[in-house]
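See structure below.
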Amino acid sequence: MCGLIGIVSHRPVAQDLHEGLNVLQHRGQDAAGLTTYDREGRLHQLRGNGLVRDVFRGKRLLRLRGEAGIGHLRYPTAGTEKSEEAQPLYVNSPYGIALGHNGNLVNTEALRQELFREDRRHINTESDSEILLNVLAHELLARPEPTTRDPQELFQAVRGVNRRCIGAYAAVCLIADWGVLAFRDPYGIRPLVYGTRDTDEGPEHIVASESVALDMLGFTLERDLAPGEALFISLDGTVHSEICGSRETYAPCIFEYVYFARPDSVMNGVSVQRSRMRMGKRLANKILREWPDHDIDVIIPIPDTSRTAALEMAYRLNRPYREGFIKNRYIGRTFIMPEAQVRRQSVRRKLNPIRNEYEGTNVLLVDDSIVRGTTSREIVQMARDAGARKVYFCSASPPIRYPNVYGIDMPSAEELIAHGRNISEVCEAIGADRLIYQDLPDLIAAVQDGNPELQNFDCSVFTGDYVTGVPDGYLDELALRRRSGTDTRDPSPQNRAA
Ligand code: PIN
């Protein structure tokens with residue numbers, strides 16, 4: 001999961017880009033980077049591993065001169081954690097292109113071979129984003145030399161990208177002497193929005209992964225980029241856009257609503273907060289339907305994301321909502337801890353129960369999802385240790401049984417607690433007295449109710465159906481990579497700063 005931003009402004013843009021990255025920090029904490037372009041025709045770049053506040057310390061931001069720029073936050077998926085893979089990535093031909101990518105390509109091996117054999121391009125990292133950038137560069141180079149900066153050249157190149165690349169990609173590019181180009185894959189799996197801001201010098205333009213960045217910077221949300229759409233903002237602020245991919249279906253990632261996106265964002269026309277409220281309402285209805293004589297005394301969310309759903313559930317179930325776990329916001333990153341025992345410790349360092357809320361009561365713990373189940377198991381035990389009589393657990397999303405291939409950092413299938421287990425087996429594995437999962441049709445409806453035009457979603461972690469198709473052997477290769485230690489991160493962004 002990554003965060004993207006791109007702005008074409010009338011004034012120096014680095015400060016706004018920096019602010020934007022800060023508010024999108026929850027989308028990636030591993031690396032951050034900015035590239036700007038100045039009127040003298042120079043690209044300036046600063047990127048590195050760490051949080052935004054670490055990478056852009058002191059006066060470093062001042063070096064990023066120019067009125068147009070892009071930024072990226074990395075939460076790596078198929079790549080590694082090397083600092084040279086911090087984005088935006090850069091190629092000097094044609095024109096000079098910097099690119100930030102959110103998502104994951106699934107035909108990387110075929111593309112790598114193709115780039116090497118046919119396009120004579122060397123890919124130097126494990127990052128599929130480097131592949132995306134080189135495909136774009138090659139497609140642009142293959143265009144006849146334009147005499148003017150005709151956006152059609154860019155759109156034709158994006159058509160080429162959409163033809164060759166399989167997977168999920170929202171991308172922002174800064175092209176020297178051209179401007180900012182943004183595009184979204186033909187299924188619209190990863191999010192990307194466009195907005196404008198009026199100034200005395202005329203309108204300014206932004207693209208970003210989430211609308212919250214627009215709010216923060218005083219831009220108005222105009223719309224989401226459509227699936228397969230490319231949008232080009234020239235350096236003088238003219239905007240062009242075109243659909244460059246034949247869309248079969250619009251299938252945005254449903255997991256953004258489950259817990260990745262900020263609740264104050266509106267994504268694909270759906271308020272993230274409202275979708276989570278509806279998840280809570282629907283889950284409560286399921287409990288009332290299937291367990292009418294329940295003996296739940298109190299509803300306790302596992303902070304932070306699940307609070308929204310838990311509050312609605314409490315209202316619906318007519319039971320009190322209580323904050324029962326206090327989260328230490330200042331604990332550092334926990335995901336470089338592969339051992340189960342260390343993970344367990346890290347949960348206890350992060351969350352502490354308030355004993356009075358548990359003593360002698362039947363509690364319903366609410367979480368947004370159950371991935372590995374390690375946190376859930378630990379939390380159930382903590383509730384028991386704090387004196388709960390019965391500990392029930394519910395998840396606002398259905399059982400996660402399949403790996404994510406579209407840029408959400410999830411472990412391999414066998415590390416997912418629900419993979420190959422039925423619900424009572426998961427319940428036993430996490431040590432709860434009863435476990436209730438959201439049904440998939442309810443999760444879909446919870447999001448769709450915010451925008452009935454959305455007919456499809458990428459729900460592959462629940463169903464194993466990958467909307468783009470996945471080349472033979474890809475899932476095995478991914479599992480190998482995730483097991484081999486290149487992916488030792490916690491699946492949850494519990495260390496999110498925002
Ligand atoms: C955490 C959101 N959410 C909590 C992430 C834990 C799964 N975990 C996914 C639950 S936050 S586990 O609200 O954004 O801080 O199943 O892998 O143990």
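We name chains A, B, ... following the order of the structure tokens; residues begin at 1 in each chain, and ligands are numbered from 1 as shown.
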Surrounding residues as an MDAnalysis selection string, ligand 1, max 6 Å, only C-alpha atoms and all ligand atoms: chainID A and resid 259 303:305 367:376 492:494
N, CA and C atoms of the current selection, written as an mmCIF file, in the first residue's frame:
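Output (again-v2.cif):
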data_model
loop_
_atom_site.group_PDB
_atom_site.id
_atom_site.type_symbol
_atom_site.label_atom_id
_atom_site.label_comp_id
_atom_site.auth_asym_id
_atom_site.auth_seq_id
_atom_site.Cartn_x
_atom_site.Cartn_y
_atom_site.Cartn_z
ATOM 1 N N TYR A 259 -9.824 -1.044 6.217
ATOM 2 C CA TYR A 259 -9.002 -0.302 7.169
ATOM 3 C C TYR A 259 -7.868 0.549 6.622
ATOM 4 N N PRO A 303 -8.677 -0.589 18.993
ATOM 5 C CA PRO A 303 -8.363 0.656 18.289
ATOM 6 C C PRO A 303 -7.354 0.438 17.166
ATOM 7 N N ASP A 304 -7.402 1.287 16.067
ATOM 8 C CA ASP A 304 -8.247 2.459 15.981
ATOM 9 C C ASP A 304 -9.432 2.248 15.028
ATOM 10 N N THR A 305 -9.152 1.584 13.896
ATOM 11 C CA THR A 305 -10.104 1.596 12.788
ATOM 12 C C THR A 305 -11.503 1.115 13.177
ATOM 13 N N ASP A 367 -13.032 -5.968 15.742
ATOM 14 C CA ASP A 367 -11.868 -5.543 14.952
ATOM 15 C C ASP A 367 -12.301 -5.385 13.499
ATOM 16 N N ASP A 368 -11.481 -4.671 12.726
ATOM 17 C CA ASP A 368 -11.851 -4.483 11.325
ATOM 18 C C ASP A 368 -11.608 -5.739 10.513
ATOM 19 N N SER A 369 -10.603 -6.511 10.910
ATOM 20 C CA SER A 369 -10.266 -7.710 10.133
ATOM 21 C C SER A 369 -9.423 -8.642 10.987
ATOM 22 N N ILE A 370 -9.355 -9.882 10.544
ATOM 23 C CA ILE A 370 -8.434 -10.829 11.183
ATOM 24 C C ILE A 370 -7.515 -11.323 10.069
ATOM 25 N N VAL A 371 -6.235 -11.059 10.219
ATOM 26 C CA VAL A 371 -5.288 -11.427 9.162
ATOM 27 C C VAL A 371 -4.522 -12.669 9.621
ATOM 28 N N ARG A 372 -3.442 -12.457 10.346
ATOM 29 C CA ARG A 372 -2.726 -13.615 10.896
ATOM 30 C C ARG A 372 -3.427 -14.187 12.122
ATOM 31 N N GLY A 373 -4.144 -13.318 12.813
ATOM 32 C CA GLY A 373 -4.835 -13.757 14.027
ATOM 33 C C GLY A 373 -3.959 -13.672 15.259
ATOM 34 N N THR A 374 -2.711 -13.288 15.098
ATOM 35 C CA THR A 374 -1.817 -13.246 16.264
ATOM 36 C C THR A 374 -2.257 -12.152 17.229
ATOM 37 N N THR A 375 -2.600 -10.999 16.690
ATOM 38 C CA THR A 375 -3.053 -9.897 17.545
ATOM 39 C C THR A 375 -4.378 -10.285 18.192
ATOM 40 N N SER A 376 -5.268 -10.847 17.401
ATOM 41 C CA SER A 376 -6.595 -11.202 17.924
ATOM 42 C C SER A 376 -6.458 -12.175 19.101
ATOM 43 N N SER A 492 -0.439 -5.402 9.388
ATOM 44 C CA SER A 492 -1.302 -4.297 9.758
ATOM 45 C C SER A 492 -0.507 -3.014 9.899
ATOM 46 N N PRO A 493 -1.086 -1.909 9.457
ATOM 47 C CA PRO A 493 -0.383 -0.646 9.650
ATOM 48 C C PRO A 493 -0.680 -0.105 11.045
ATOM 49 N N GLN A 494 -0.475 -0.932 12.069
ATOM 50 C CA GLN A 494 -0.841 -0.498 13.416
ATOM 51 C C GLN A 494 0.115 0.573 13.918
#
Contacts of Arg60 in chain A at 12 Å (only C-alpha atoms; same-chain gap of 3+ positions) as a PyMOL selection string: chain A and resi 14-15+18+33-34+44-47+52-57+63-65
Near-Pro471 in chain A list (10 Å; only C-alpha atoms; drop same-chain fewer than 3 positions) as a list of chain:residue names: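 Contacts, with the query itself left out: A:Val106, A:Asn107, A:Thr108, A:Glu109, A:Ala110, A:Ile166, A:Thr468, A:Tyr474, A:Leu475.
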Exercise: Phe255 in chain A partners within 9 Å, only C-alpha atoms, chain neighbours under 3 positions left out, as a list in words: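 My list of contacting residues is Pro252, Val258, Tyr259, Phe260, Ala261, Ser397, Ile408, Asp458, Cys459 and Val461 of chain A.
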Put those residues in a file: N, CA, C and O atoms, as a short mmCIF file (atom, residue, chain, number, x, y, z; two decimals), in the first residue's frame.
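Result went into selection-v6.cif, see below:
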data_model
loop_
_atom_site.label_atom_id
_atom_site.label_comp_id
_atom_site.auth_asym_id
_atom_site.auth_seq_id
_atom_site.Cartn_x
_atom_site.Cartn_y
_atom_site.Cartn_z
N PRO A 252 -12.76 -1.32 -7.70
CA PRO A 252 -11.86 -0.77 -6.68
C PRO A 252 -11.65 -1.73 -5.51
O PRO A 252 -12.53 -2.55 -5.22
N VAL A 258 -12.06 -1.21 4.42
CA VAL A 258 -12.00 -2.01 5.64
C VAL A 258 -11.05 -1.36 6.64
O VAL A 258 -11.41 -1.16 7.80
N TYR A 259 -9.82 -1.04 6.22
CA TYR A 259 -9.00 -0.30 7.17
C TYR A 259 -7.87 0.55 6.62
O TYR A 259 -7.23 1.27 7.38
N PHE A 260 -7.59 0.54 5.33
CA PHE A 260 -6.43 1.31 4.91
C PHE A 260 -6.68 2.81 4.85
O PHE A 260 -5.87 3.60 5.34
N ALA A 261 -7.76 3.19 4.23
CA ALA A 261 -7.98 4.62 3.99
C ALA A 261 -8.37 5.34 5.28
O ALA A 261 -8.91 4.73 6.21
N SER A 397 -15.00 -7.43 8.59
CA SER A 397 -14.84 -7.95 7.22
C SER A 397 -14.85 -9.49 7.28
O SER A 397 -14.62 -10.07 8.34
N ILE A 408 -1.56 -4.67 -1.38
CA ILE A 408 -1.80 -4.62 0.06
C ILE A 408 -0.89 -5.67 0.68
O ILE A 408 -0.88 -6.83 0.26
N ASP A 458 -12.67 -5.32 -5.97
CA ASP A 458 -11.67 -6.37 -5.81
C ASP A 458 -11.81 -6.92 -4.40
O ASP A 458 -11.51 -6.22 -3.42
N CYS A 459 -12.30 -8.15 -4.30
CA CYS A 459 -12.52 -8.80 -3.00
C CYS A 459 -11.64 -10.03 -2.91
O CYS A 459 -11.98 -11.00 -2.22
N VAL A 461 -8.98 -11.07 -1.49
CA VAL A 461 -8.47 -11.67 -0.24
C VAL A 461 -9.55 -12.51 0.44
O VAL A 461 -9.26 -13.37 1.26
#
Residue contacts of range 428-445 of chain A (7 Å, only C-alpha atoms) excluding same-chain residues fewer than 5 positions away, as a PyMOL selection string: chain A and resi 279+282-283+373+376-377+380+390-399
